[in-house]
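Source file: model35.txt. Holds: compact mmCIF, C-alpha atoms and all ligand atoms.
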# COMPACT_ATOMS: atom_id res chain seq x y z
CA MET J 1 3.23 19.06 10.56
CA ARG J 2 5.54 19.06 13.58
CA ARG J 3 3.80 22.17 14.90
CA ALA J 4 0.37 20.57 14.45
CA MET J 5 1.63 17.55 16.36
CA ALA J 6 3.02 19.65 19.19
CA GLU J 7 -0.22 21.59 19.53
CA ALA J 8 -2.59 18.62 19.24
CA GLU J 9 -5.33 18.26 21.78
CA VAL J 10 -5.02 14.78 23.24
CA GLY J 11 -6.83 12.31 25.48
CA ASP J 12 -6.48 8.63 26.31
CA ASP J 13 -7.65 6.84 23.19
CA LEU J 14 -8.09 3.52 24.99
CA LEU J 15 -9.81 4.86 28.07
CA ASP J 16 -12.39 7.34 26.85
CA GLY J 17 -11.13 8.54 23.50
CA ASP J 18 -8.63 10.97 22.06
CA PRO J 19 -10.34 13.98 20.42
CA THR J 20 -7.81 14.50 17.61
CA THR J 21 -7.75 10.80 16.76
CA GLY J 22 -11.55 10.83 16.73
CA GLU J 23 -11.47 13.77 14.35
CA LEU J 24 -9.03 12.01 12.02
CA GLU J 25 -11.07 8.80 12.06
CA ALA J 26 -14.25 10.70 11.26
CA ARG J 27 -12.54 12.64 8.48
CA VAL J 28 -11.12 9.51 6.84
CA ALA J 29 -14.47 7.73 7.11
CA VAL J 30 -16.11 10.62 5.24
CA LEU J 31 -13.34 10.79 2.63
CA LEU J 32 -13.73 7.08 1.92
CA GLY J 33 -17.52 7.06 2.15
CA LYS J 34 -17.57 4.54 5.00
CA GLU J 35 -19.45 4.65 8.31
CA ALA J 36 -16.36 4.52 10.49
CA ALA J 37 -12.58 4.34 10.50
CA LEU J 38 -9.96 3.29 13.04
CA PHE J 39 -6.39 4.53 13.51
CA PHE J 40 -3.61 1.92 13.47
CA PRO J 41 0.12 2.19 14.05
CA SER J 42 0.88 0.57 10.70
CA GLY J 43 -0.59 -0.59 7.43
CA VAL J 44 0.42 -4.17 8.12
CA MET J 45 -1.54 -4.18 11.37
CA ALA J 46 -4.59 -2.62 9.74
CA ASN J 47 -4.50 -5.12 6.86
CA GLN J 48 -4.11 -8.01 9.27
CA ALA J 49 -6.95 -6.75 11.45
CA ALA J 50 -9.10 -6.71 8.32
CA LEU J 51 -8.18 -10.30 7.44
CA ALA J 52 -8.99 -11.42 10.99
CA LEU J 53 -12.24 -9.49 10.81
CA HIS J 54 -13.47 -11.11 7.60
CA ALA J 55 -11.96 -14.58 7.50
CA GLU J 56 -12.33 -17.52 9.82
CA ARG J 57 -9.29 -19.66 10.70
CA GLY J 58 -8.66 -22.48 8.28
CA THR J 59 -10.12 -20.68 5.28
CA GLU J 60 -8.51 -19.23 2.19
CA VAL J 61 -7.99 -15.64 1.05
CA ILE J 62 -7.59 -14.79 -2.63
CA LEU J 63 -5.10 -12.13 -3.63
CA GLU J 64 -2.89 -11.13 -6.53
CA ALA J 65 0.50 -12.85 -6.48
CA GLY J 66 2.51 -9.65 -5.99
CA ALA J 67 0.36 -8.50 -3.05
CA HIS J 68 1.95 -6.74 -0.10
CA ILE J 69 -0.17 -8.91 2.23
CA PHE J 70 1.50 -11.98 0.73
CA HIS J 71 5.11 -10.82 0.39
CA TRP J 72 5.86 -8.19 2.99
CA GLU J 73 3.79 -8.93 6.08
CA MET J 74 5.96 -11.64 7.64
CA GLY J 75 3.46 -14.43 7.11
CA ALA J 76 1.09 -12.66 9.50
CA ALA J 77 -2.06 -14.08 7.87
CA PRO J 78 -1.11 -17.75 8.40
CA VAL J 79 0.73 -17.16 11.68
CA LEU J 80 -1.74 -14.87 13.43
CA SER J 81 -5.07 -15.75 11.82
CA GLY J 82 -4.62 -19.30 10.53
CA LEU J 83 -5.36 -18.23 6.97
CA GLN J 84 -4.12 -19.77 3.76
CA LEU J 85 -3.26 -17.26 1.07
CA ARG J 86 -4.19 -18.19 -2.47
CA THR J 87 -2.08 -16.09 -4.82
CA VAL J 88 -3.22 -15.52 -8.39
CA PRO J 89 -0.47 -14.50 -10.83
CA THR J 90 -1.28 -11.76 -13.32
CA PRO J 91 0.85 -10.15 -16.04
CA ASP J 92 0.21 -6.63 -14.75
CA GLY J 93 -0.99 -6.80 -11.14
CA VAL J 94 -4.62 -6.48 -12.17
CA LEU J 95 -7.00 -9.25 -11.06
CA THR J 96 -10.01 -9.75 -13.30
CA GLY J 97 -13.40 -11.10 -12.30
CA ALA J 98 -12.72 -14.29 -14.27
CA MET J 99 -9.40 -14.89 -12.48
CA VAL J 100 -11.07 -14.52 -9.09
CA GLU J 101 -13.94 -16.75 -10.18
CA ASP J 102 -11.42 -19.46 -11.11
CA ALA J 103 -9.65 -19.19 -7.77
CA ILE J 104 -12.79 -19.49 -5.65
CA ARG J 105 -13.05 -23.05 -4.37
CA PRO J 106 -16.27 -24.96 -4.98
CA GLU J 107 -17.99 -26.34 -1.89
CA SER J 108 -16.25 -29.58 -1.01
CA PRO J 109 -15.82 -31.72 2.07
CA TYR J 110 -12.17 -32.16 1.04
CA ALA J 111 -11.04 -28.57 0.48
CA LEU J 112 -10.93 -25.49 2.60
CA ARG J 113 -13.43 -22.72 2.00
CA THR J 114 -12.69 -19.40 0.28
CA SER J 115 -13.54 -16.63 2.73
CA LEU J 116 -12.24 -13.33 1.37
CA VAL J 117 -10.91 -11.52 -1.68
CA THR J 118 -8.37 -8.72 -1.34
CA LEU J 119 -7.21 -6.12 -3.86
CA GLU J 120 -4.36 -3.60 -3.71
CA ASN J 121 -4.74 -0.09 -5.18
CA THR J 122 -2.32 1.22 -6.22
CA HIS J 123 -0.58 -2.09 -6.85
CA LEU J 124 2.94 -1.77 -5.53
CA ALA J 125 4.66 -4.75 -7.16
CA SER J 126 3.61 -3.68 -10.64
CA GLY J 127 5.07 -0.23 -10.04
CA GLY J 128 2.23 1.62 -8.33
CA ARG J 129 -0.37 0.75 -10.94
CA VAL J 130 -3.90 2.10 -10.56
CA LEU J 131 -6.48 -0.68 -10.76
CA PRO J 132 -8.93 -0.05 -13.63
CA VAL J 133 -12.37 0.72 -12.19
CA GLU J 134 -14.02 -1.86 -14.46
CA ARG J 135 -11.80 -4.69 -13.18
CA VAL J 136 -12.53 -3.79 -9.57
CA ARG J 137 -16.27 -3.82 -10.32
CA GLU J 138 -15.94 -7.24 -11.94
CA VAL J 139 -14.14 -8.62 -8.91
CA ARG J 140 -16.80 -7.15 -6.63
CA ALA J 141 -19.55 -8.74 -8.72
CA VAL J 142 -17.88 -12.15 -8.54
CA ALA J 143 -17.35 -11.78 -4.79
CA ASP J 144 -21.04 -10.91 -4.43
CA GLU J 145 -22.12 -13.95 -6.41
CA HIS J 146 -20.23 -16.10 -3.93
CA GLY J 147 -21.16 -14.09 -0.84
CA LEU J 148 -17.54 -13.12 -0.19
CA PRO J 149 -16.33 -9.89 1.40
CA LEU J 150 -13.71 -7.70 -0.31
CA HIS J 151 -10.84 -5.97 1.48
CA LEU J 152 -8.88 -3.24 -0.26
CA ASP J 153 -5.25 -2.60 0.66
CA GLY J 154 -5.27 1.07 -0.25
CA ALA J 155 -1.97 2.10 1.34
CA ARG J 156 -1.57 4.33 -1.74
CA LEU J 157 -5.24 4.90 -2.59
CA TRP J 158 -4.54 8.64 -2.32
CA ASN J 159 -2.21 8.35 -5.31
CA ALA J 160 -4.82 6.40 -7.28
CA ALA J 161 -7.40 9.15 -6.64
CA VAL J 162 -5.06 11.94 -7.72
CA VAL J 163 -3.92 10.25 -10.91
CA SER J 164 -7.28 8.84 -12.03
CA GLY J 165 -9.38 11.81 -11.03
CA ALA J 166 -11.83 9.39 -9.39
CA ALA J 167 -13.31 10.30 -6.01
CA LEU J 168 -11.88 8.39 -3.07
CA THR J 169 -15.43 7.36 -2.20
CA ALA J 170 -15.79 5.76 -5.65
CA LEU J 171 -12.48 3.92 -5.33
CA ALA J 172 -13.42 2.69 -1.86
CA ALA J 173 -17.06 1.85 -2.63
CA PRO J 174 -16.59 -1.73 -3.95
CA ALA J 175 -14.72 -2.78 -0.80
CA ASP J 176 -16.19 -3.78 2.56
CA THR J 177 -13.07 -2.56 4.31
CA VAL J 178 -10.32 -0.25 3.12
CA MET J 179 -6.86 0.33 4.55
CA VAL J 180 -5.18 3.66 3.83
CA SER J 181 -1.73 4.80 4.94
CA LEU J 182 -0.67 8.21 6.18
CA SER J 183 2.97 7.21 6.34
CA LYS J 184 3.67 6.73 2.64
CA GLY J 185 3.26 9.56 0.15
CA LEU J 186 1.37 11.70 2.65
CA GLY J 187 4.55 11.99 4.69
CA CYS J 188 3.37 11.28 8.26
CA PRO J 189 5.71 9.64 10.74
CA VAL J 190 3.17 6.99 11.78
CA GLY J 191 -0.28 5.76 10.94
CA SER J 192 -2.77 3.92 8.80
CA LEU J 193 -6.52 3.60 9.06
CA LEU J 194 -9.04 0.88 8.43
CA ALA J 195 -12.49 1.98 7.29
CA GLY J 196 -15.75 0.06 7.00
CA THR J 197 -19.17 -0.28 8.61
CA ALA J 198 -19.54 0.86 12.21
CA GLN J 199 -20.12 -2.74 13.24
CA LYS J 200 -16.97 -3.99 11.52
CA ILE J 201 -14.88 -1.17 12.95
CA GLU J 202 -16.14 -1.87 16.45
CA ARG J 203 -14.89 -5.44 16.06
CA ALA J 204 -11.65 -4.13 14.54
CA TRP J 205 -11.10 -2.12 17.73
CA ARG J 206 -10.96 -5.34 19.71
CA ILE J 207 -8.70 -7.04 17.19
CA ARG J 208 -6.36 -4.04 17.22
CA ARG J 209 -6.16 -4.29 21.01
CA ARG J 210 -5.37 -8.00 20.73
CA LEU J 211 -2.58 -7.26 18.24
CA GLY J 212 -1.07 -4.77 20.69
CA GLY J 213 -2.05 -1.76 18.61
CA GLY J 214 -4.20 0.03 21.18
CA MET J 215 -2.46 3.31 22.02
CA ARG J 216 -3.02 6.23 24.36
CA GLN J 217 -2.34 9.90 23.44
CA THR J 218 -2.49 9.18 19.72
CA GLY J 219 -3.69 12.72 19.00
CA ILE J 220 -0.05 13.68 18.48
CA LEU J 221 0.06 11.24 15.55
CA ALA J 222 -3.46 11.93 14.35
CA ALA J 223 -2.67 15.66 14.13
CA ALA J 224 0.04 14.80 11.60
CA GLY J 225 -2.56 12.84 9.64
CA LEU J 226 -5.07 15.69 9.62
CA HIS J 227 -2.33 18.07 8.47
CA ALA J 228 -1.29 15.68 5.68
CA LEU J 229 -4.86 15.14 4.44
CA GLU J 230 -5.24 18.89 4.18
CA HIS J 231 -1.86 19.81 2.68
CA HIS J 232 -0.20 16.78 1.13
CA ARG J 233 -2.81 15.09 -1.04
CA GLU J 234 -3.00 17.36 -4.08
CA ARG J 235 0.77 17.59 -4.25
CA LEU J 236 1.06 13.84 -4.91
CA ALA J 237 0.72 14.87 -8.56
CA GLU J 238 4.23 16.38 -8.25
CA ASP J 239 5.57 13.02 -7.08
CA HIS J 240 3.96 11.37 -10.09
CA ALA J 241 5.49 13.90 -12.49
CA ASN J 242 8.86 13.46 -10.79
CA ALA J 243 8.57 9.68 -11.08
CA ARG J 244 7.90 9.99 -14.82
CA ALA J 245 10.91 12.30 -15.18
CA LEU J 246 13.04 9.84 -13.22
CA ALA J 247 11.90 6.89 -15.34
CA GLY J 248 12.50 8.89 -18.52
CA GLY J 249 16.02 9.80 -17.44
CA LEU J 250 16.89 6.27 -16.35
CA GLU J 251 15.54 4.80 -19.58
CA GLU J 252 18.23 6.78 -21.43
CA ILE J 253 21.00 5.01 -19.51
CA PRO J 254 22.28 2.01 -21.48
CA GLY J 255 21.81 -1.17 -19.47
CA LEU J 256 18.80 0.09 -17.51
CA SER J 257 15.14 -0.05 -18.36
CA ALA J 258 12.50 1.79 -16.34
CA VAL J 259 8.82 0.91 -16.30
CA VAL J 260 6.78 4.03 -17.15
CA PRO J 261 5.11 4.82 -13.81
CA GLU J 262 1.45 5.69 -13.33
CA THR J 263 2.14 7.06 -9.85
CA ASN J 264 5.27 7.48 -7.69
CA VAL J 265 6.93 4.05 -7.89
CA VAL J 266 9.66 3.49 -10.47
CA MET J 267 10.71 -0.08 -11.20
CA ILE J 268 14.15 -0.29 -12.77
CA ASP J 269 15.26 -3.44 -14.58
CA LEU J 270 18.95 -4.21 -15.06
CA VAL J 271 18.84 -5.43 -18.64
CA ASP J 272 22.63 -5.50 -19.03
CA PRO J 273 23.67 -8.85 -17.54
CA GLU J 274 27.03 -7.33 -16.57
CA LEU J 275 25.34 -5.02 -14.06
CA ASP J 276 25.50 -6.31 -10.51
CA PRO J 277 22.43 -5.19 -8.54
CA ASP J 278 24.11 -5.15 -5.11
CA ARG J 279 27.10 -3.15 -6.31
CA LEU J 280 24.81 -0.77 -8.13
CA LEU J 281 22.72 -0.27 -4.99
CA SER J 282 25.70 0.43 -2.76
CA SER J 283 27.40 2.76 -5.25
CA ALA J 284 24.15 4.67 -5.70
CA ASP J 285 23.76 4.87 -1.92
CA GLU J 286 27.26 6.36 -1.63
CA ARG J 287 26.07 9.10 -3.98
CA GLY J 288 23.00 9.78 -1.86
CA VAL J 289 20.54 7.90 -4.07
CA ARG J 290 18.63 5.31 -2.11
CA LEU J 291 16.97 2.47 -3.99
CA VAL J 292 15.74 -0.92 -2.84
CA ARG J 293 16.01 -4.32 -4.40
CA PHE J 294 12.69 -5.59 -5.74
CA GLY J 295 13.62 -8.87 -7.40
CA PRO J 296 16.73 -10.55 -8.77
CA ARG J 297 17.35 -7.94 -11.49
CA ARG J 298 14.92 -5.24 -10.42
CA LEU J 299 15.38 -2.14 -8.27
CA ARG J 300 12.72 0.20 -6.97
CA ALA J 301 12.79 3.95 -6.56
CA VAL J 302 10.01 6.00 -5.00
CA THR J 303 9.48 9.74 -5.36
CA HIS J 304 8.01 11.62 -2.43
CA MET J 305 7.67 15.04 -0.85
CA ASP J 306 11.35 15.20 0.12
CA VAL J 307 12.49 14.72 -3.49
CA ASP J 308 12.17 17.62 -5.92
CA ARG J 309 12.89 17.81 -9.66
CA GLU J 310 16.46 18.83 -9.04
CA GLY J 311 16.85 15.77 -6.82
CA VAL J 312 15.49 13.60 -9.64
CA GLU J 313 18.05 15.06 -12.02
CA ARG J 314 20.84 14.43 -9.53
CA ALA J 315 19.62 10.85 -9.09
CA VAL J 316 19.70 10.24 -12.85
CA ALA J 317 23.20 11.73 -13.12
CA ALA J 318 24.42 9.66 -10.18
CA LEU J 319 23.02 6.42 -11.62
CA GLU J 320 24.51 7.17 -14.99
CA GLU J 321 27.90 7.52 -13.32
CA VAL J 322 27.39 4.35 -11.28
CA VAL J 323 26.35 2.28 -14.28
CA GLU J 324 29.31 3.52 -16.29
CA SER J 325 31.81 2.74 -13.55
CA ARG J 326 31.31 0.66 -10.46
CA GLY J 327 27.95 -0.91 -11.10
CA SER J 328 29.44 -3.00 -13.88
CA ARG J 329 32.35 -5.35 -13.81
C1 LIG V 1 3.51 0.04 2.91
C2 LIG V 1 2.39 -0.82 2.51
C3 LIG V 1 1.68 -1.57 3.47
C4 LIG V 1 2.06 -1.64 4.92
O1 LIG V 1 2.19 -0.44 5.58
P1 LIG V 1 3.19 -0.30 6.84
O2 LIG V 1 2.74 0.98 7.43
O3 LIG V 1 4.57 -0.28 6.29
O4 LIG V 1 2.95 -1.44 7.75
C5 LIG V 1 0.64 -2.34 3.02
N1 LIG V 1 0.29 -2.39 1.72
C6 LIG V 1 0.95 -1.70 0.78
C7 LIG V 1 0.51 -1.80 -0.63
C8 LIG V 1 2.02 -0.90 1.15
O5 LIG V 1 2.68 -0.23 0.20

Here is the file; what I need is its structure written in the form of structure tokens.
Ligand SMILES: *Cc1c(COP(=O)(O)O)cnc(C)c1O
Amino acid sequence: MRRAMAEAEVGDDLLDGDPTTGELEARVAVLLGKEAALFFPSGVMANQAALALHAERGTEVILEAGAHIFHWEMGAAPVLSGLQLRTVPTPDGVLTGAMVEDAIRPESPYALRTSLVTLENTHLASGGRVLPVERVREVRAVADEHGLPLHLDGARLWNAAVVSGAALTALAAPADTVMVSLSKGLGCPVGSLLAGTAQKIERAWRIRRRLGGGMRQTGILAAAGLHALEHHRERLAEDHANARALAGGLEEIPGLSAVVPETNVVMIDLVDPELDPDRLLSSADERGVRLVRFGPRRLRAVTHMDVDREGVERAVAALEEVVESRGSR
């Protein structure tokens, strides 16, 4: 990947285009079955460009209550685009058509208008869950009935495709715009893309510029993306197998409970009330196992291309040691 980056042909992407970035955008558009795609420095910026693209200020966007757009984007939707976020809680991260129908506001002179529905696939907060195709179709049908656009936060859509066997085009088809990340499981240093109709993407170009995301010799970054699309997609299955092995190993440790992962995200619940999450995190970190906090009694682990099976085994052994000693009082 570093070699591809070093050797990338570049131009000025803002002035008259960067050839490698153009190639990446065209490739991602084809992979997702959309007319066009646009390179962004981050997934947050691409998601936020999509919200600005679809939804007028002073309107409401429907999303699942664990959504990245709601929790981890620094309030960008209200701050930058004047949007109210309407979160719908679900037991498993999966919005149904009926739930979306209930959240859509009826026309009223006293209430703001619903302008957009967003979905997240895979769904991070539920542990990288793949949205069932039927549920996505239902949501699309409800959105259609109400004339609402649908944006898909597909930061990890690559993982969903690998694990479900569905074509990326099929996973992307129900959405008007789709965000995909190169910088998660695909292992690139930088980059996400937003895909949609040519007209939408032309408007997204202007929004990206307004957000400060217009860049120059981006071919260096795009070359990493092209390399990753070619070499790092199929291997996501290894991350999924490693995540299952990790969850299986952690489940054996008394005091911990791991959610069986569908993809590469392992949610770990501290079921023993004596376990202190902060102490557990720091002791694990001292042993080279890096986890993040994902709730009062929940930690998150992610498997990726820099973690092999032996690393998973070491992580399980380290956590076992931590739980037995310093993680508990
Ligand atoms: C990581 C992530 C994003 C944001 O991507 P950044 O590149 O970190 O800005 C958005 N949505 C989901 C589901 C993510 O996991």

Could you list, as a list in words, every residue within 9 Å of range 23-34 of chain J, counting all atoms listed in the file and ignoring same-chain residues fewer than 6 positions away? Ala167, Leu168, Thr169, Ala170, Leu171, Ala172, Ala173, Asp176, Thr177, Val178, Val180, Leu193, Leu194, Ala195, Gly196, Thr197, Ala198, Gly219, Ala222, Ala223, Gly225, Leu226 and Leu229 of chain J

I need the chosen residues saved as a PDB file, in the coordinates of the input, with C-alpha atoms.
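out-v4.pdb was written with the following content:
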ATOM      1  CA  ALA J 167     -13.310  10.300  -6.010  1.00  0.00           C
ATOM      2  CA  LEU J 168     -11.880   8.390  -3.070  1.00  0.00           C
ATOM      3  CA  THR J 169     -15.430   7.360  -2.200  1.00  0.00           C
ATOM      4  CA  ALA J 170     -15.790   5.760  -5.650  1.00  0.00           C
ATOM      5  CA  LEU J 171     -12.480   3.920  -5.330  1.00  0.00           C
ATOM      6  CA  ALA J 172     -13.420   2.690  -1.860  1.00  0.00           C
ATOM      7  CA  ALA J 173     -17.060   1.850  -2.630  1.00  0.00           C
ATOM      8  CA  ASP J 176     -16.190  -3.780   2.560  1.00  0.00           C
ATOM      9  CA  THR J 177     -13.070  -2.560   4.310  1.00  0.00           C
ATOM     10  CA  VAL J 178     -10.320  -0.250   3.120  1.00  0.00           C
ATOM     11  CA  VAL J 180      -5.180   3.660   3.830  1.00  0.00           C
ATOM     12  CA  LEU J 193      -6.520   3.600   9.060  1.00  0.00           C
ATOM     13  CA  LEU J 194      -9.040   0.880   8.430  1.00  0.00           C
ATOM     14  CA  ALA J 195     -12.490   1.980   7.290  1.00  0.00           C
ATOM     15  CA  GLY J 196     -15.750   0.060   7.000  1.00  0.00           C
ATOM     16  CA  THR J 197     -19.170  -0.280   8.610  1.00  0.00           C
ATOM     17  CA  ALA J 198     -19.540   0.860  12.210  1.00  0.00           C
ATOM     18  CA  GLY J 219      -3.690  12.720  19.000  1.00  0.00           C
ATOM     19  CA  ALA J 222      -3.460  11.930  14.350  1.00  0.00           C
ATOM     20  CA  ALA J 223      -2.670  15.660  14.130  1.00  0.00           C
ATOM     21  CA  GLY J 225      -2.560  12.840   9.640  1.00  0.00           C
ATOM     22  CA  LEU J 226      -5.070  15.690   9.620  1.00  0.00           C
ATOM     23  CA  LEU J 229      -4.860  15.140   4.440  1.00  0.00           C
TER      24      LEU J 229
END

As number ranges by chain, please: every protein or nucleic acid residue near ligand LIG 1 (chain V) (cut-off 10 Å, counting all atoms listed in the file). J: 40-48, 66-73, 119-125, 128, 152-157, 179-185, 189-193

Could the residues in this selection be saved with C-alpha atoms as a PDB file, in the coordinates of the input?
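Written file, result_18.pdb:
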ATOM      1  CA  PHE J  40      -3.610   1.920  13.470  1.00  0.00           C
ATOM      2  CA  PRO J  41       0.120   2.190  14.050  1.00  0.00           C
ATOM      3  CA  SER J  42       0.880   0.570  10.700  1.00  0.00           C
ATOM      4  CA  GLY J  43      -0.590  -0.590   7.430  1.00  0.00           C
ATOM      5  CA  VAL J  44       0.420  -4.170   8.120  1.00  0.00           C
ATOM      6  CA  MET J  45      -1.540  -4.180  11.370  1.00  0.00           C
ATOM      7  CA  ALA J  46      -4.590  -2.620   9.740  1.00  0.00           C
ATOM      8  CA  ASN J  47      -4.500  -5.120   6.860  1.00  0.00           C
ATOM      9  CA  GLN J  48      -4.110  -8.010   9.270  1.00  0.00           C
ATOM     10  CA  GLY J  66       2.510  -9.650  -5.990  1.00  0.00           C
ATOM     11  CA  ALA J  67       0.360  -8.500  -3.050  1.00  0.00           C
ATOM     12  CA  HIS J  68       1.950  -6.740  -0.100  1.00  0.00           C
ATOM     13  CA  ILE J  69      -0.170  -8.910   2.230  1.00  0.00           C
ATOM     14  CA  PHE J  70       1.500 -11.980   0.730  1.00  0.00           C
ATOM     15  CA  HIS J  71       5.110 -10.820   0.390  1.00  0.00           C
ATOM     16  CA  TRP J  72       5.860  -8.190   2.990  1.00  0.00           C
ATOM     17  CA  GLU J  73       3.790  -8.930   6.080  1.00  0.00           C
ATOM     18  CA  LEU J 119      -7.210  -6.120  -3.860  1.00  0.00           C
ATOM     19  CA  GLU J 120      -4.360  -3.600  -3.710  1.00  0.00           C
ATOM     20  CA  ASN J 121      -4.740  -0.090  -5.180  1.00  0.00           C
ATOM     21  CA  THR J 122      -2.320   1.220  -6.220  1.00  0.00           C
ATOM     22  CA  HIS J 123      -0.580  -2.090  -6.850  1.00  0.00           C
ATOM     23  CA  LEU J 124       2.940  -1.770  -5.530  1.00  0.00           C
ATOM     24  CA  ALA J 125       4.660  -4.750  -7.160  1.00  0.00           C
ATOM     25  CA  GLY J 128       2.230   1.620  -8.330  1.00  0.00           C
ATOM     26  CA  LEU J 152      -8.880  -3.240  -0.260  1.00  0.00           C
ATOM     27  CA  ASP J 153      -5.250  -2.600   0.660  1.00  0.00           C
ATOM     28  CA  GLY J 154      -5.270   1.070  -0.250  1.00  0.00           C
ATOM     29  CA  ALA J 155      -1.970   2.100   1.340  1.00  0.00           C
ATOM     30  CA  ARG J 156      -1.570   4.330  -1.740  1.00  0.00           C
ATOM     31  CA  LEU J 157      -5.240   4.900  -2.590  1.00  0.00           C
ATOM     32  CA  MET J 179      -6.860   0.330   4.550  1.00  0.00           C
ATOM     33  CA  VAL J 180      -5.180   3.660   3.830  1.00  0.00           C
ATOM     34  CA  SER J 181      -1.730   4.800   4.940  1.00  0.00           C
ATOM     35  CA  LEU J 182      -0.670   8.210   6.180  1.00  0.00           C
ATOM     36  CA  SER J 183       2.970   7.210   6.340  1.00  0.00           C
ATOM     37  CA  LYS J 184       3.670   6.730   2.640  1.00  0.00           C
ATOM     38  CA  GLY J 185       3.260   9.560   0.150  1.00  0.00           C
ATOM     39  CA  PRO J 189       5.710   9.640  10.740  1.00  0.00           C
ATOM     40  CA  VAL J 190       3.170   6.990  11.780  1.00  0.00           C
ATOM     41  CA  GLY J 191      -0.280   5.760  10.940  1.00  0.00           C
ATOM     42  CA  SER J 192      -2.770   3.920   8.800  1.00  0.00           C
ATOM     43  CA  LEU J 193      -6.520   3.600   9.060  1.00  0.00           C
TER      44      LEU J 193
END

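Pairwise distance (CA of Arg216 in chain J, CA of Leu186 in chain J) equals 22.8 Å.
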
In Å, how far is it from CA of Pro149 in chain J to CA of Glu262 in chain J? 27.9 Å

Would you mind listing what lies within 8 Å of Asp12 in chain J as JSON, numbers by chain, with all atoms listed in the file counted and same-chain residues fewer than 6 positions away left out? {"J": [18, 215, 216, 217, 218]}

CA of Glu56 in chain J and CA of Leu131 in chain J are how many Å apart?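 We find that CA of Glu56 in chain J and CA of Leu131 in chain J lie 27.2 Å from each other.
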
Residue with smallest distance to Pro132 in chain J - pool J:Glu145, J:Asp92, J:Glu313, J:Glu60, counting all atoms listed in the file: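 Of J:Glu145, J:Asp92, J:Glu313, J:Glu60, the one nearest Pro132 in chain J is J:Asp92, counting all atoms listed in the file.
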
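The closest residue to Phe294 in chain J, picked from J:Leu150, J:Ala243, J:Val312, J:Leu270 and counting all atoms listed in the file, is J:Leu270.
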
For Ala284 in chain J, list every protein, DNA or RNA residue within 9 Å, evaluated using all atoms listed in the file, and leave out those in the same chain fewer than 5 positions away; present the list as a PyMOL selection string. chain J and resi 279+289-291+315+318-319+321-322+327

Let me make sure I understand: among J:Ile62, J:Val259, J:Leu280, J:Met305, which one has the smallest atom-to-atom distance to Asp239 in chain J if we use all atoms listed in the file?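 Going through J:Ile62, J:Val259, J:Leu280, J:Met305 one by one, the smallest distance to Asp239 in chain J is for J:Met305.
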
J:Leu236, J:Leu83, J:Leu275, J:Cys188: which is nearest Val302 in chain J, counting all atoms listed in the file? J:Leu236

Considering only C-alpha atoms, return as a PDB file with C-alpha atoms, keeping the file's coordinate frame whatever protein or nucleic-acid residues lie within 12 Å of Asp144 in chain J, sequence-local ones (same chain, fewer than 2 positions apart) excluded.
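part21.pdb, written as the output of this step:
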ATOM      1  CA  GLY J  97     -13.400 -11.100 -12.300  1.00  0.00           C
ATOM      2  CA  VAL J 100     -11.070 -14.520  -9.090  1.00  0.00           C
ATOM      3  CA  GLU J 101     -13.940 -16.750 -10.180  1.00  0.00           C
ATOM      4  CA  ILE J 104     -12.790 -19.490  -5.650  1.00  0.00           C
ATOM      5  CA  SER J 115     -13.540 -16.630   2.730  1.00  0.00           C
ATOM      6  CA  LEU J 116     -12.240 -13.330   1.370  1.00  0.00           C
ATOM      7  CA  VAL J 117     -10.910 -11.520  -1.680  1.00  0.00           C
ATOM      8  CA  ARG J 137     -16.270  -3.820 -10.320  1.00  0.00           C
ATOM      9  CA  GLU J 138     -15.940  -7.240 -11.940  1.00  0.00           C
ATOM     10  CA  VAL J 139     -14.140  -8.620  -8.910  1.00  0.00           C
ATOM     11  CA  ARG J 140     -16.800  -7.150  -6.630  1.00  0.00           C
ATOM     12  CA  ALA J 141     -19.550  -8.740  -8.720  1.00  0.00           C
ATOM     13  CA  VAL J 142     -17.880 -12.150  -8.540  1.00  0.00           C
ATOM     14  CA  HIS J 146     -20.230 -16.100  -3.930  1.00  0.00           C
ATOM     15  CA  GLY J 147     -21.160 -14.090  -0.840  1.00  0.00           C
ATOM     16  CA  LEU J 148     -17.540 -13.120  -0.190  1.00  0.00           C
ATOM     17  CA  PRO J 149     -16.330  -9.890   1.400  1.00  0.00           C
ATOM     18  CA  LEU J 150     -13.710  -7.700  -0.310  1.00  0.00           C
ATOM     19  CA  PRO J 174     -16.590  -1.730  -3.950  1.00  0.00           C
ATOM     20  CA  ALA J 175     -14.720  -2.780  -0.800  1.00  0.00           C
ATOM     21  CA  ASP J 176     -16.190  -3.780   2.560  1.00  0.00           C
TER      22      ASP J 176
END
